[in-house]
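Note sheet for the following structure.
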Amino acid sequence: MRIDLHTHSTRSDGTDTPAELVRKAKLEGLDVVALTDHDATEGWAEAQEAADEVGLRLIRGIEISTQYEGLSVHLLGYEFDPTNEPLVEELHRVLGGRNDRLPRLLEKLAALGMPLTEQEVLAVAGDAAAWGRPHVADAMIAKGYIKDRDEAFRDWLVPGKPAYVGRYSADLFEAVRLLRAAGGKPVIAHAWARDSGAKITPELLAELAEAGLAGIEVDHPDHDAQARAGLAAIADDLGLAKTGSSDYHGTGKGPEFHLGANLTDPAELERLLG
């Protein structure tokens, strides 16, 4: 059984609609795929309809933007109640933070000689639940300012670069608690990505396990062999599930992020959701 537990659609910053993503997953030989759009669950219904049509199991998920003592941490959550009021309220705050920073970011780009309008960004965002930096990157590409998303993030849109603007993110431990209270399974995403700067420590992972963390994303395109081995050992020591995924964004990321790039063992999925 081939299982990919981290993908994105046009409802956040992917380039495939939820239905297109599911159909491509089937064509790539996947048996199970999780839709984990950023801070939003709006794509679930469309993805489930497509999954039923093609005979693929859909895991309903999300990737929540969180922070811990200034460190940006992405938290995956699986199979939770999307109507749980405290969780919905926090997700609205996170999505609001995305939208509220757009005018400030556009001011910085204009001062750097790359003017864009909000309408131009929202046009490329399409049916996304909220805009994100990848949508700004796409608008920059459309205006001919840059070549691709990689250039946007490498030179302009990440912390320390001239157009970066911070935003509200959920508290990491509170997000774990909210997901658990909504019946979900929280998993730390790409904890030791090669370009993430400060790393999530084993001590922090142990504290999160005590707080309700259910798993660690071990096999990810941004993890080298050493990171994978280290995270797998920590997960085993803490009794956490070990997941694998592609972090697929369609054409929004490079070919190494293709569907099925990394897989989750069926026993680990059962452990995670059981």
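Numbering starts fresh at 1 for the residues of each chain in the structure tokens, the chains themselves are lettered A, B, ... in the order given, and ligands are numbered from 1 as they appear.
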Q: Please run DSSP on the backbone and report, as a PyMOL selection string, all residues within stretch 78-219 of chain A that come out as helix (DSSP H, G or I).
A: chain A and resi 85-100+102-111+118-125+133-142+149-155+172-181+202-211
**Q.** Neighbour list for A:Gly144 as a ChimeraX atom specification, cut-off 12 Å, only C-alpha atoms, skip fewer than 5 positions in-chain
**A.** /A:114-116,137-139,152
Could you save the residues just selected, with N, CA and C atoms, as a PDB file, in the first residue's frame?
ATOM      1  N   MET A 114       9.114  46.778  -7.367  1.00  0.00           N
ATOM      2  CA  MET A 114       8.285  45.693  -7.891  1.00  0.00           C
ATOM      3  C   MET A 114       6.833  45.898  -7.461  1.00  0.00           C
ATOM      4  N   PRO A 115       6.172  46.929  -7.969  1.00  0.00           N
ATOM      5  CA  PRO A 115       4.802  47.204  -7.536  1.00  0.00           C
ATOM      6  C   PRO A 115       3.820  46.121  -7.976  1.00  0.00           C
ATOM      7  N   LEU A 116       2.935  45.760  -7.050  1.00  0.00           N
ATOM      8  CA  LEU A 116       1.833  44.846  -7.321  1.00  0.00           C
ATOM      9  C   LEU A 116       0.591  45.381  -6.625  1.00  0.00           C
ATOM     10  N   ALA A 137       4.459  35.407  -4.827  1.00  0.00           N
ATOM     11  CA  ALA A 137       5.505  34.989  -5.763  1.00  0.00           C
ATOM     12  C   ALA A 137       4.939  34.789  -7.162  1.00  0.00           C
ATOM     13  N   ASP A 138       3.769  34.154  -7.255  1.00  0.00           N
ATOM     14  CA  ASP A 138       3.163  33.927  -8.567  1.00  0.00           C
ATOM     15  C   ASP A 138       2.815  35.249  -9.248  1.00  0.00           C
ATOM     16  N   ALA A 139       2.351  36.220  -8.473  1.00  0.00           N
ATOM     17  CA  ALA A 139       2.055  37.533  -9.048  1.00  0.00           C
ATOM     18  C   ALA A 139       3.339  38.220  -9.510  1.00  0.00           C
ATOM     19  N   ALA A 152      11.758  33.838  -5.587  1.00  0.00           N
ATOM     20  CA  ALA A 152      11.008  34.726  -4.695  1.00  0.00           C
ATOM     21  C   ALA A 152      11.369  34.486  -3.242  1.00  0.00           C
TER      22      ALA A 152
END
Tell me, as a CSV table (one decimal) with C-alpha atoms, in the first residue's frame, which residues lie within 12 Å of A:Asp52, counting only C-alpha atoms; anything in the same chain fewer than 2 positions away does not count.
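As written to disk, part-v9.csv reads:
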chain,number,residue,atom,x,y,z
A,19,ALA,CA,-10.1,16.8,-7.4
A,22,VAL,CA,-6.7,13.2,-6.0
A,23,ARG,CA,-6.9,11.9,-9.6
A,26,LYS,CA,-4.4,7.6,-8.3
A,31,ASP,CA,-3.7,4.0,-2.4
A,32,VAL,CA,-4.0,6.7,0.3
A,45,ALA,CA,-15.4,17.9,0.2
A,46,GLU,CA,-14.2,18.1,-3.4
A,47,ALA,CA,-11.3,15.8,-2.7
A,48,GLN,CA,-13.5,13.2,-1.0
A,49,GLU,CA,-15.9,13.2,-4.0
A,50,ALA,CA,-13.0,12.6,-6.3
A,54,VAL,CA,-11.4,6.8,-8.4
A,55,GLY,CA,-11.3,4.4,-5.5
A,56,LEU,CA,-8.6,6.0,-3.4
A,57,ARG,CA,-8.6,6.6,0.4
A,58,LEU,CA,-8.5,10.2,1.4
Q) Restricting the calculation to only C-alpha atoms, which member of A:Met1, A:Val94, A:Ala51, A:Ile62 is positioned closest to A:Leu30? A)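 So, comparing all the options, the nearest one is A:Met1.
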Q. Rounded to one decimal in Å, what is the spacing between atom CA of A:Glu151 and atom CA of A:Pro134?
A.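 It comes out at 11.0 Å.
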Q) Could you state the separation of atom CA of A:His135 and atom CA of A:Pro186 in Å, given to one decimal place? A)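 These two atoms are separated by 26.4 Å.
Shortest atom-to-atom contact with A:Pro103 among A:Leu35, A:Val165, A:Val158, A:Leu231: A:Val165, counting only C-alpha atoms.
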**Q.** A:Asp13 surroundings by only C-alpha atoms, 10 Å radius, close-in-sequence under 3 positions cut, as a ChimeraX atom specification
**A.** /A:8-10,16,37-38,125-126,128-135,138,249-250,252-253
Save out the residues we just selected, N, CA and C atoms, as a PDB file, in the first residue's frame.
ATOM      1  N   HIS A   8      -0.832  19.546  -1.057  1.00  0.00           N
ATOM      2  CA  HIS A   8      -1.517  20.839  -1.069  1.00  0.00           C
ATOM      3  C   HIS A   8      -2.242  21.063  -2.394  1.00  0.00           C
ATOM      4  N   SER A   9      -3.398  21.693  -2.308  1.00  0.00           N
ATOM      5  CA  SER A   9      -4.211  22.005  -3.484  1.00  0.00           C
ATOM      6  C   SER A   9      -4.322  23.511  -3.661  1.00  0.00           C
ATOM      7  N   THR A  10      -5.128  23.919  -4.622  1.00  0.00           N
ATOM      8  CA  THR A  10      -5.354  25.349  -4.856  1.00  0.00           C
ATOM      9  C   THR A  10      -6.090  26.017  -3.707  1.00  0.00           C
ATOM     10  N   ASP A  16      -2.892  22.379  -8.188  1.00  0.00           N
ATOM     11  CA  ASP A  16      -3.956  21.475  -8.618  1.00  0.00           C
ATOM     12  C   ASP A  16      -5.183  21.685  -7.744  1.00  0.00           C
ATOM     13  N   ASP A  37      -3.960  21.186   3.248  1.00  0.00           N
ATOM     14  CA  ASP A  37      -3.785  22.581   2.875  1.00  0.00           C
ATOM     15  C   ASP A  37      -3.460  23.433   4.097  1.00  0.00           C
ATOM     16  N   HIS A  38      -2.791  24.556   3.846  1.00  0.00           N
ATOM     17  CA  HIS A  38      -2.372  25.432   4.925  1.00  0.00           C
ATOM     18  C   HIS A  38      -3.572  26.103   5.600  1.00  0.00           C
ATOM     19  N   ALA A 125      -4.296  33.819  -6.674  1.00  0.00           N
ATOM     20  CA  ALA A 125      -4.667  32.960  -5.548  1.00  0.00           C
ATOM     21  C   ALA A 125      -5.892  32.118  -5.859  1.00  0.00           C
ATOM     22  N   GLY A 126      -6.733  32.590  -6.780  1.00  0.00           N
ATOM     23  CA  GLY A 126      -7.891  31.805  -7.197  1.00  0.00           C
ATOM     24  C   GLY A 126      -8.830  31.497  -6.055  1.00  0.00           C
ATOM     25  N   ALA A 128      -8.210  29.888  -3.282  1.00  0.00           N
ATOM     26  CA  ALA A 128      -7.545  29.610  -2.013  1.00  0.00           C
ATOM     27  C   ALA A 128      -8.328  30.222  -0.859  1.00  0.00           C
ATOM     28  N   ALA A 129      -8.294  29.546   0.293  1.00  0.00           N
ATOM     29  CA  ALA A 129      -8.999  30.057   1.471  1.00  0.00           C
ATOM     30  C   ALA A 129      -8.410  31.383   1.921  1.00  0.00           C
ATOM     31  N   ALA A 130      -7.135  31.571   1.703  1.00  0.00           N
ATOM     32  CA  ALA A 130      -6.469  32.842   1.989  1.00  0.00           C
ATOM     33  C   ALA A 130      -5.205  32.900   1.155  1.00  0.00           C
ATOM     34  N   TRP A 131      -4.714  34.081   0.911  1.00  0.00           N
ATOM     35  CA  TRP A 131      -3.503  34.220   0.128  1.00  0.00           C
ATOM     36  C   TRP A 131      -2.298  33.860   1.001  1.00  0.00           C
ATOM     37  N   GLY A 132      -1.203  33.507   0.351  1.00  0.00           N
ATOM     38  CA  GLY A 132       0.054  33.244   1.039  1.00  0.00           C
ATOM     39  C   GLY A 132       1.202  33.789   0.218  1.00  0.00           C
ATOM     40  N   ARG A 133       2.404  33.691   0.767  1.00  0.00           N
ATOM     41  CA  ARG A 133       3.574  34.198   0.045  1.00  0.00           C
ATOM     42  C   ARG A 133       3.763  33.535  -1.328  1.00  0.00           C
ATOM     43  N   PRO A 134       3.420  32.249  -1.493  1.00  0.00           N
ATOM     44  CA  PRO A 134       3.534  31.688  -2.842  1.00  0.00           C
ATOM     45  C   PRO A 134       2.663  32.409  -3.865  1.00  0.00           C
ATOM     46  N   HIS A 135       1.500  32.921  -3.426  1.00  0.00           N
ATOM     47  CA  HIS A 135       0.648  33.668  -4.353  1.00  0.00           C
ATOM     48  C   HIS A 135       1.289  35.005  -4.724  1.00  0.00           C
ATOM     49  N   ASP A 138       3.769  34.154  -7.255  1.00  0.00           N
ATOM     50  CA  ASP A 138       3.163  33.927  -8.567  1.00  0.00           C
ATOM     51  C   ASP A 138       2.815  35.249  -9.248  1.00  0.00           C
ATOM     52  N   HIS A 249       3.001  20.248  -4.124  1.00  0.00           N
ATOM     53  CA  HIS A 249       2.327  21.518  -4.406  1.00  0.00           C
ATOM     54  C   HIS A 249       2.020  21.666  -5.902  1.00  0.00           C
ATOM     55  N   GLY A 250       1.998  20.575  -6.660  1.00  0.00           N
ATOM     56  CA  GLY A 250       1.856  20.705  -8.105  1.00  0.00           C
ATOM     57  C   GLY A 250       3.114  21.318  -8.693  1.00  0.00           C
ATOM     58  N   GLY A 252       4.090  24.196  -8.049  1.00  0.00           N
ATOM     59  CA  GLY A 252       4.556  25.220  -7.112  1.00  0.00           C
ATOM     60  C   GLY A 252       5.857  24.856  -6.420  1.00  0.00           C
ATOM     61  N   LYS A 253       6.266  23.587  -6.527  1.00  0.00           N
ATOM     62  CA  LYS A 253       7.555  23.158  -5.999  1.00  0.00           C
ATOM     63  C   LYS A 253       8.234  22.285  -7.034  1.00  0.00           C
TER      64      LYS A 253
END
